[in-house]
$ cat upload.txt   # compact mmCIF, C-alpha atoms
# COMPACT_ATOMS: atom_id res chain seq x y z
CA MET L 13 -5.10 10.56 -17.34
CA SER L 14 -6.81 10.42 -13.95
CA SER L 15 -7.26 13.45 -11.71
CA GLY L 16 -8.32 14.00 -8.13
CA ILE L 17 -6.81 13.03 -4.79
CA THR L 18 -3.38 11.39 -4.90
CA ASN L 19 -2.62 11.33 -1.16
CA ASP L 20 -4.79 11.13 1.94
CA SER L 21 -4.90 9.27 5.25
CA LYS L 22 -7.67 6.83 4.22
CA ASP L 23 -6.36 5.05 1.12
CA PRO L 24 -2.98 3.91 -0.23
CA SER L 25 -1.18 6.78 -1.95
CA VAL L 26 -0.05 6.80 -5.56
CA ASP L 27 3.51 6.31 -4.27
CA THR L 28 2.57 3.16 -2.36
CA PHE L 29 0.49 1.84 -5.28
CA LYS L 30 3.43 2.28 -7.63
CA SER L 31 5.99 0.74 -5.24
CA THR L 32 3.89 -2.11 -3.84
CA ALA L 33 0.89 -2.98 -6.00
CA PHE L 34 2.85 -3.05 -9.28
CA PRO L 35 5.31 -5.73 -8.02
CA ILE L 36 2.35 -7.82 -6.81
CA LEU L 37 0.73 -7.62 -10.26
CA LYS L 38 4.01 -8.58 -11.95
CA ARG L 39 4.26 -11.68 -9.76
CA PHE L 40 0.88 -12.76 -11.11
CA GLY L 41 2.03 -12.45 -14.71
CA VAL L 42 0.99 -8.91 -15.60
CA PRO L 43 3.61 -7.73 -18.15
CA SER L 44 5.78 -4.84 -17.01
CA GLU L 45 5.66 -3.14 -20.41
CA GLY L 46 3.47 -0.08 -20.12
CA LEU L 47 2.97 -0.63 -16.40
CA ASP L 48 3.93 2.79 -15.12
CA LEU L 49 2.45 5.63 -13.16
CA LYS L 50 3.60 9.21 -13.63
CA ILE L 51 2.49 11.82 -11.11
CA GLU L 52 1.84 14.95 -13.10
CA SER L 53 0.52 16.87 -10.08
CA ARG L 54 -0.35 16.15 -6.46
CA GLY L 55 -3.83 16.43 -4.99
CA VAL L 56 -4.86 16.15 -1.33
CA PRO L 57 -8.25 16.55 0.37
CA PRO L 58 -10.47 18.43 0.37
CA ASN L 59 -10.21 19.71 -3.19
CA GLY L 60 -8.05 17.10 -4.79
CA GLY L 61 -6.78 18.93 -7.81
CA GLY L 62 -2.75 -15.00 -13.59
CA GLU L 63 -0.86 -18.06 -12.76
CA ALA L 64 -1.30 -20.13 -9.63
CA VAL L 65 1.03 -18.92 -6.90
CA ASN L 66 2.87 -20.46 -3.99
CA TRP L 67 3.94 -17.40 -2.02
CA THR L 68 4.69 -18.19 1.59
CA ASP L 69 8.28 -16.99 2.08
CA GLU L 70 8.31 -13.41 3.34
CA GLY L 71 12.13 -13.28 3.49
CA PHE L 72 14.16 -10.70 5.38
CA VAL L 73 14.09 -6.94 4.88
CA LYS L 74 17.07 -5.85 2.80
CA LYS L 75 16.24 -2.21 2.09
CA ILE L 76 13.66 0.48 2.68
CA ARG L 77 12.71 3.16 0.20
CA GLY L 78 10.33 6.04 0.70
CA THR L 79 8.83 9.19 -0.73
CA THR L 80 7.65 12.27 1.09
CA PHE L 81 5.44 14.89 -0.50
CA SER L 82 4.30 18.37 0.36
CA THR L 83 1.91 20.73 -1.40
CA ARG L 84 1.42 24.41 -0.63
CA VAL L 85 3.52 24.16 2.55
CA SER L 86 7.20 24.66 3.32
CA VAL L 87 9.65 22.05 2.02
CA GLN L 88 10.96 21.90 5.60
CA PHE L 89 7.93 19.73 6.42
CA GLU L 90 9.43 16.97 4.27
CA ASN L 91 12.84 17.27 5.90
CA SER L 92 11.22 16.90 9.31
CA MET L 93 9.32 13.75 8.26
CA ILE L 94 12.45 12.18 6.78
CA LYS L 95 14.57 12.86 9.88
CA ALA L 96 11.88 11.50 12.21
CA ALA L 97 11.41 8.32 10.17
CA ARG L 98 15.16 7.74 9.97
CA ARG L 99 15.53 8.03 13.75
CA ILE L 100 13.32 4.94 14.05
CA ILE L 101 14.55 2.90 11.08
CA ASN L 102 18.30 3.56 10.77
CA PRO L 103 19.30 1.80 14.01
CA LEU L 104 17.74 -1.37 12.48
CA LEU L 105 18.78 -1.09 8.83
CA SER L 106 21.42 0.97 7.03
CA ASP L 107 20.07 0.74 3.46
CA VAL L 108 17.38 3.41 3.77
CA HIS L 109 16.67 6.13 1.20
CA ILE L 110 13.71 8.50 1.39
CA PHE L 111 13.15 10.87 -1.50
CA SER L 112 11.22 14.12 -1.42
CA ASP L 113 8.65 15.50 -3.84
CA HIS L 114 7.84 19.12 -3.07
CA ARG L 115 5.19 20.76 -5.24
CA SER L 116 4.24 24.40 -5.58
CA GLY L 117 2.09 26.34 -8.01
CA PRO L 118 -0.35 24.40 -10.27
CA PRO L 119 1.38 21.00 -9.74
CA ALA L 120 0.58 21.35 -6.02
CA GLY L 121 -3.13 20.98 -6.58
CA ASN L 122 -5.71 23.01 -4.71
CA SER L 123 -5.08 22.21 -1.03
CA PRO L 124 -2.17 22.21 1.42
CA GLY L 125 -0.94 18.88 2.72
CA TYR L 126 2.02 16.60 3.30
CA GLY L 127 2.72 12.92 3.87
CA ILE L 128 5.09 9.99 3.52
CA SER L 129 5.15 6.54 1.95
CA LEU L 130 7.60 3.85 3.09
CA VAL L 131 8.20 0.50 1.37
CA ALA L 132 10.38 -2.34 2.67
CA GLU L 133 11.72 -4.82 0.11
CA THR L 134 12.66 -8.31 1.32
CA THR L 135 15.13 -10.92 0.11
CA SER L 136 12.28 -12.98 -1.37
CA GLY L 137 10.82 -10.13 -3.42
CA CYS L 138 8.05 -9.01 -1.07
CA PHE L 139 7.13 -5.34 -0.73
CA ILE L 140 5.67 -4.20 2.60
CA SER L 141 4.33 -0.66 2.71
CA ALA L 142 2.85 1.97 4.99
CA ASP L 143 1.81 5.52 4.23
CA THR L 144 -0.23 8.43 5.48
CA ALA L 145 -0.99 12.05 4.70
CA ALA L 146 -2.03 15.13 6.63
CA SER L 147 -4.62 17.40 5.05
CA HIS L 148 -7.85 19.17 5.88
CA SER L 149 -11.10 17.32 5.31
CA ARG L 150 -14.24 18.54 3.62
CA ASP L 151 -17.71 18.44 5.14
CA GLU L 152 -19.69 16.38 2.62
CA ASP L 153 -23.01 18.09 3.40
CA THR L 154 -21.92 21.71 3.27
CA SER L 155 -18.91 21.31 0.93
CA SER L 156 -16.95 23.53 3.29
CA LEU L 157 -13.75 22.89 5.15
CA ALA L 158 -14.80 21.02 8.27
CA ASP L 159 -11.52 21.58 10.08
CA GLU L 160 -9.80 24.46 8.34
CA LYS L 161 -8.90 26.02 11.69
CA ARG L 162 -7.57 22.78 13.12
CA ASP L 163 -3.81 22.38 13.08
CA LEU L 164 -2.56 19.37 11.16
CA MET L 165 -0.43 16.72 12.82
CA PRO L 166 3.20 17.90 13.10
CA PRO L 167 5.43 16.45 10.37
CA GLU L 168 7.78 14.95 12.99
CA ASP L 169 4.89 12.92 14.40
CA ILE L 170 3.88 11.87 10.89
CA GLY L 171 7.36 10.54 10.10
CA GLU L 172 7.84 8.77 13.42
CA GLY L 173 4.35 7.31 13.38
CA ILE L 174 4.52 5.85 9.87
CA ALA L 175 7.96 4.34 10.55
CA ASN L 176 6.47 2.48 13.52
CA VAL L 177 3.50 1.38 11.41
CA LEU L 178 5.90 -0.06 8.82
CA LEU L 179 7.80 -1.97 11.51
CA ARG L 180 4.54 -3.44 12.79
CA GLU L 181 3.60 -4.50 9.26
CA ILE L 182 6.99 -6.20 8.84
CA ALA L 183 6.60 -7.94 12.20
CA GLN L 184 3.38 -9.60 10.98
CA SER L 185 5.55 -11.73 8.64
CA GLY L 186 3.16 -11.70 5.68
CA VAL L 187 4.14 -11.60 2.01
CA VAL L 188 2.06 -8.40 1.64
CA ASP L 189 1.03 -5.71 4.09
CA SER L 190 -2.50 -5.45 5.48
CA THR L 191 -3.48 -2.80 2.91
CA HIS L 192 -2.78 -5.13 -0.03
CA GLN L 193 -4.33 -8.31 1.36
CA GLY L 194 -7.51 -7.78 -0.65
CA LEU L 195 -5.60 -7.43 -3.93
CA LEU L 196 -3.63 -10.60 -3.21
CA PHE L 197 -6.78 -12.59 -2.38
CA LEU L 198 -8.53 -11.42 -5.54
CA LEU L 199 -5.58 -12.32 -7.78
CA CYS L 200 -5.36 -15.79 -6.22
CA ALA L 201 -9.10 -16.29 -6.70
CA LEU L 202 -8.89 -15.42 -10.41
CA CYS L 203 -5.93 -17.72 -11.05
CA PRO L 204 -6.18 -20.87 -13.20
CA GLN L 205 -7.81 -23.87 -11.55
CA ASP L 206 -4.80 -24.84 -9.53
CA VAL L 207 -3.87 -24.50 -5.87
CA SER L 208 -2.51 -21.18 -4.62
CA LYS L 209 -0.85 -20.94 -1.22
CA ILE L 210 -0.12 -17.60 0.45
CA ARG L 211 0.98 -16.26 3.81
CA VAL L 212 -0.34 -13.08 5.40
CA GLY L 213 -0.31 -11.45 8.82
CA LYS L 214 -3.41 -10.70 10.85
CA LEU L 215 -6.39 -10.41 8.52
CA SER L 216 -7.38 -6.78 7.98
CA GLN L 217 -11.00 -5.67 7.81
CA TYR L 218 -10.58 -4.95 4.11
CA GLY L 219 -9.07 -8.40 3.57
CA ILE L 220 -11.98 -10.06 5.36
CA GLU L 221 -14.53 -8.12 3.29
CA THR L 222 -12.70 -9.14 0.10
CA LEU L 223 -12.84 -12.81 1.10
CA ARG L 224 -16.59 -12.46 1.68
CA ASN L 225 -17.08 -10.82 -1.72
CA ILE L 226 -15.07 -13.57 -3.42
CA ARG L 227 -17.27 -16.16 -1.70
CA ASP L 228 -20.49 -14.39 -2.70
CA PHE L 229 -19.62 -13.50 -6.30
CA LEU L 230 -17.37 -16.39 -7.35
CA ASN L 231 -18.62 -19.09 -4.96
CA LEU L 232 -15.00 -19.66 -4.02
CA LYS L 233 -13.72 -20.19 -0.49
CA PHE L 234 -10.23 -20.04 0.97
CA ILE L 235 -8.96 -22.55 3.50
CA ILE L 236 -7.52 -20.47 6.34
CA LYS L 237 -5.21 -21.96 8.95
CA PRO L 238 -2.97 -20.32 11.56
CA ASP L 239 0.74 -20.77 11.14
CA PRO L 240 1.78 -23.50 13.61
CA ASN L 241 4.81 -21.44 14.61
CA THR L 242 2.95 -18.23 15.35
CA GLN L 243 -0.72 -17.43 15.87
CA SER L 244 -0.37 -13.99 14.28
CA VAL L 245 0.20 -15.37 10.77
CA CYS L 246 -2.42 -16.98 8.52
CA LEU L 247 -1.77 -19.52 5.79
CA LEU L 248 -4.42 -19.40 3.06
CA LYS L 249 -5.10 -21.87 0.27
CA CYS L 250 -7.58 -21.85 -2.60
CA ILE L 251 -8.25 -23.39 -6.00
CA GLY L 252 -8.47 -20.65 -8.61
CA TYR L 253 -11.69 -19.80 -10.39
CA GLY L 254 -9.97 -20.00 -13.75
CA MET L 255 -11.05 -16.60 -15.05
CA LYS L 256 -10.05 -16.15 -18.70
CA ASN L 257 -9.30 -12.93 -20.53
CA LEU L 258 -11.39 -13.41 -23.68
CA SER L 259 -9.88 -10.34 -25.35
CA ARG L 260 -6.31 -11.60 -25.00
CA LYS L 261 -4.69 -12.77 -28.22
CA VAL L 262 -3.35 -16.31 -28.23
CA SER L 263 -0.14 -16.75 -30.22
$ encode --input "upload.txt" --output "structure tokens"
Amino acid sequence: MSSGITNDSKDPSVDTFKSTAFPILKRFGVPSEGLDLKIESRGVPPNGGGEAVNWTDEGFVKKIRGTTFSTRVSVQFENSMIKAARRIINPLLSDVHIFSDHRSGPPAGNSPGYGISLVAETTSGCFISADTAASHSRDEDTSSLADEKRDLMPPEDIGEGIANVLLREIAQSGVVDSTHQGLLFLLCALCPQDVSKIRVGKLSQYGIETLRNIRDFLNLKFIIKPDPNTQSVCLLKCIGYGMKNLSRKVS
């Protein structure tokens, strides 16, 4: 069991990882048996508490699911985030469900906070996500709360803001969102020695750094070309490194 921070504004939350990263891994042949993530308790800052793939069809959004969380604050914060997000999304899509996960007592961890994760599923099996969290930060040098007197962003702004972020991610027309580009590139690079073709939106900084690391450590380069129909979409192609799992039993 892992412990620490489950939700913050810097990294994908456990909700997004479960809803988005797991389907990506399954597409690359990772068996679904035992692939689960149970959130025993929430923790926010500061105290925390392969087969070759041709994946270029992003499809159309058919439904949106989400999860809000709150720890050591009123449950009303979650209701406000859900209502604000729905005001943006519902005029565009009717199949929208956002669930709440309010924690108090020991399961709430050691710090107050709240946030939301939204995931759009498309007709071609793509999962596009966006999430954020509001919490106080810790000063790394003094180990004290650096902004304990600063008011956190209102939950209405959190909900509205993340709904707009999700719509921008969808508009990029990639098969994954910008947060998961690096994972997709790495899985393609480790595929058998066959051609993988993928489609992503504008390259994120994390995605670019992952491509550089793949080049440096595996001596493998992707061919990157803009989509002829839109300059905001990149088509990437590579020949897999052919990494083998030596501990895997062959039947």
$ closest_atom_pairs --input "upload.txt" --of "stretch 60-151 of chain L" --to "stretch 179-197 of chain L" --cutoff "6 Å" --atoms "all atoms listed in the file" --output "tab-separated table"
residue	atom	partner	partner_atom	distance
L:Glu70	CA	L:Val187	CA	4.7
L:Cys138	CA	L:Val187	CA	5.6
L:Ile140	CA	L:Asp189	CA	5.1
$ axis_aligned_box --input "upload.txt" --around "stretch 28-32 of chain L" --padding-each-side "8 Å" --output "JSON"
{"center_x": 3.2, "center_y": 0.5, "center_z": -5.0, "size_x": 21.5, "size_y": 21.3, "size_z": 21.3}
$ atom_distance --input "upload.txt" --atom1 "atom CA of L:Cys250" --atom2 "atom CA of L:Ile236"
9.0 Å
$ residues_around --input "upload.txt" --residues "L:Phe234" --least-positions-apart "5" --cutoff "10 Å" --atoms "all atoms listed in the file" --output "PDB file with C-alpha atoms, in the frame of the given file"
ATOM      1  CA  PHE L 197      -6.780 -12.590  -2.380  1.00  0.00           C
ATOM      2  CA  CYS L 200      -5.360 -15.790  -6.220  1.00  0.00           C
ATOM      3  CA  ALA L 201      -9.100 -16.290  -6.700  1.00  0.00           C
ATOM      4  CA  SER L 208      -2.510 -21.180  -4.620  1.00  0.00           C
ATOM      5  CA  LYS L 209      -0.850 -20.940  -1.220  1.00  0.00           C
ATOM      6  CA  LEU L 223     -12.840 -12.810   1.100  1.00  0.00           C
ATOM      7  CA  ARG L 224     -16.590 -12.460   1.680  1.00  0.00           C
ATOM      8  CA  ILE L 226     -15.070 -13.570  -3.420  1.00  0.00           C
ATOM      9  CA  ARG L 227     -17.270 -16.160  -1.700  1.00  0.00           C
ATOM     10  CA  LEU L 247      -1.770 -19.520   5.790  1.00  0.00           C
ATOM     11  CA  LEU L 248      -4.420 -19.400   3.060  1.00  0.00           C
ATOM     12  CA  LYS L 249      -5.100 -21.870   0.270  1.00  0.00           C
ATOM     13  CA  CYS L 250      -7.580 -21.850  -2.600  1.00  0.00           C
ATOM     14  CA  ILE L 251      -8.250 -23.390  -6.000  1.00  0.00           C
ATOM     15  CA  GLY L 252      -8.470 -20.650  -8.610  1.00  0.00           C
TER      16      GLY L 252
END
$ closest_residue --input "upload.txt" --among "L:Asp107, L:Glu133, L:Glu90, L:Asp206" --to "L:Ala146" --atoms "all atoms listed in the file"
L:Glu90
$ closest_residue --input "upload.txt" --among "L:Leu230, L:Ile210, L:Leu199, L:Ile94" --to "L:Lys38" --atoms "all atoms listed in the file"
L:Leu199
$ residues_around --input "upload.txt" --residues "stretch 16-20 of chain L" --least-positions-apart "5" --cutoff "12 Å" --atoms "all atoms listed in the file" --output "VMD selection string"
chain L and resid 25 to 30 49 to 61 79 to 83 119 to 129 143 to 149
$ write_last_selection --input "upload.txt" --atoms "C-alpha atoms" --output "compact mmCIF listing (two decimals), in the coordinates of the input"
# COMPACT_ATOMS: atom_id res chain seq x y z
CA SER L 25 -1.18 6.78 -1.95
CA VAL L 26 -0.05 6.80 -5.56
CA ASP L 27 3.51 6.31 -4.27
CA THR L 28 2.57 3.16 -2.36
CA PHE L 29 0.49 1.84 -5.28
CA LYS L 30 3.43 2.28 -7.63
CA LEU L 49 2.45 5.63 -13.16
CA LYS L 50 3.60 9.21 -13.63
CA ILE L 51 2.49 11.82 -11.11
CA GLU L 52 1.84 14.95 -13.10
CA SER L 53 0.52 16.87 -10.08
CA ARG L 54 -0.35 16.15 -6.46
CA GLY L 55 -3.83 16.43 -4.99
CA VAL L 56 -4.86 16.15 -1.33
CA PRO L 57 -8.25 16.55 0.37
CA PRO L 58 -10.47 18.43 0.37
CA ASN L 59 -10.21 19.71 -3.19
CA GLY L 60 -8.05 17.10 -4.79
CA GLY L 61 -6.78 18.93 -7.81
CA THR L 79 8.83 9.19 -0.73
CA THR L 80 7.65 12.27 1.09
CA PHE L 81 5.44 14.89 -0.50
CA SER L 82 4.30 18.37 0.36
CA THR L 83 1.91 20.73 -1.40
CA PRO L 119 1.38 21.00 -9.74
CA ALA L 120 0.58 21.35 -6.02
CA GLY L 121 -3.13 20.98 -6.58
CA ASN L 122 -5.71 23.01 -4.71
CA SER L 123 -5.08 22.21 -1.03
CA PRO L 124 -2.17 22.21 1.42
CA GLY L 125 -0.94 18.88 2.72
CA TYR L 126 2.02 16.60 3.30
CA GLY L 127 2.72 12.92 3.87
CA ILE L 128 5.09 9.99 3.52
CA SER L 129 5.15 6.54 1.95
CA ASP L 143 1.81 5.52 4.23
CA THR L 144 -0.23 8.43 5.48
CA ALA L 145 -0.99 12.05 4.70
CA ALA L 146 -2.03 15.13 6.63
CA SER L 147 -4.62 17.40 5.05
CA HIS L 148 -7.85 19.17 5.88
CA SER L 149 -11.10 17.32 5.31
$ atom_distance --input "upload.txt" --atom1 "atom CA of L:Gly213" --atom2 "atom CA of L:Asn241"
12.6 Å
$ closest_residue --input "upload.txt" --among "L:Leu202, L:Met255, L:Val212, L:Val177" --to "L:Thr242" --atoms "only C-alpha atoms"
L:Val212
$ closest_residue --input "upload.txt" --among "L:Ile76, L:Val85, L:Val131, L:Ile235" --to "L:His109" --atoms "only C-alpha atoms"
L:Ile76
$ closest_residue --input "upload.txt" --among "L:Thr134, L:Met93, L:Gly117, L:Phe72" --to "L:Ile174" --atoms "only C-alpha atoms"
L:Met93
$ build_atoms --input "upload.txt" --residues "stretch 166-178 of chain L" --atoms "N, CA and C atoms" --output "tab-separated table (two decimals), in the coordinates of the input"
chain	number	residue	atom	x	y	z
L	166	PRO	N	1.83	17.45	13.41
L	166	PRO	CA	3.20	17.90	13.10
L	166	PRO	C	3.92	16.89	12.21
L	167	PRO	N	4.74	17.37	11.28
L	167	PRO	CA	5.43	16.45	10.37
L	167	PRO	C	6.35	15.47	11.10
L	168	GLU	N	6.93	15.88	12.22
L	168	GLU	CA	7.78	14.95	12.99
L	168	GLU	C	6.96	13.75	13.47
L	169	ASP	N	5.74	14.01	13.93
L	169	ASP	CA	4.89	12.92	14.40
L	169	ASP	C	4.46	12.03	13.25
L	170	ILE	N	4.24	12.64	12.07
L	170	ILE	CA	3.88	11.87	10.89
L	170	ILE	C	5.00	10.88	10.54
L	171	GLY	N	6.23	11.38	10.47
L	171	GLY	CA	7.36	10.54	10.10
L	171	GLY	C	7.61	9.43	11.10
L	172	GLU	N	7.61	9.78	12.39
L	172	GLU	CA	7.84	8.77	13.42
L	172	GLU	C	6.72	7.74	13.45
L	173	GLY	N	5.49	8.22	13.32
L	173	GLY	CA	4.35	7.31	13.38
L	173	GLY	C	4.33	6.31	12.24
L	174	ILE	N	4.59	6.76	11.01
L	174	ILE	CA	4.52	5.85	9.87
L	174	ILE	C	5.69	4.88	9.87
L	175	ALA	N	6.84	5.28	10.42
L	175	ALA	CA	7.96	4.34	10.55
L	175	ALA	C	7.60	3.21	11.50
L	176	ASN	N	6.91	3.53	12.59
L	176	ASN	CA	6.47	2.48	13.52
L	176	ASN	C	5.40	1.59	12.91
L	177	VAL	N	4.52	2.19	12.10
L	177	VAL	CA	3.50	1.38	11.41
L	177	VAL	C	4.17	0.38	10.46
L	178	LEU	N	5.19	0.84	9.73
L	178	LEU	CA	5.90	-0.06	8.82
L	178	LEU	C	6.56	-1.21	9.58
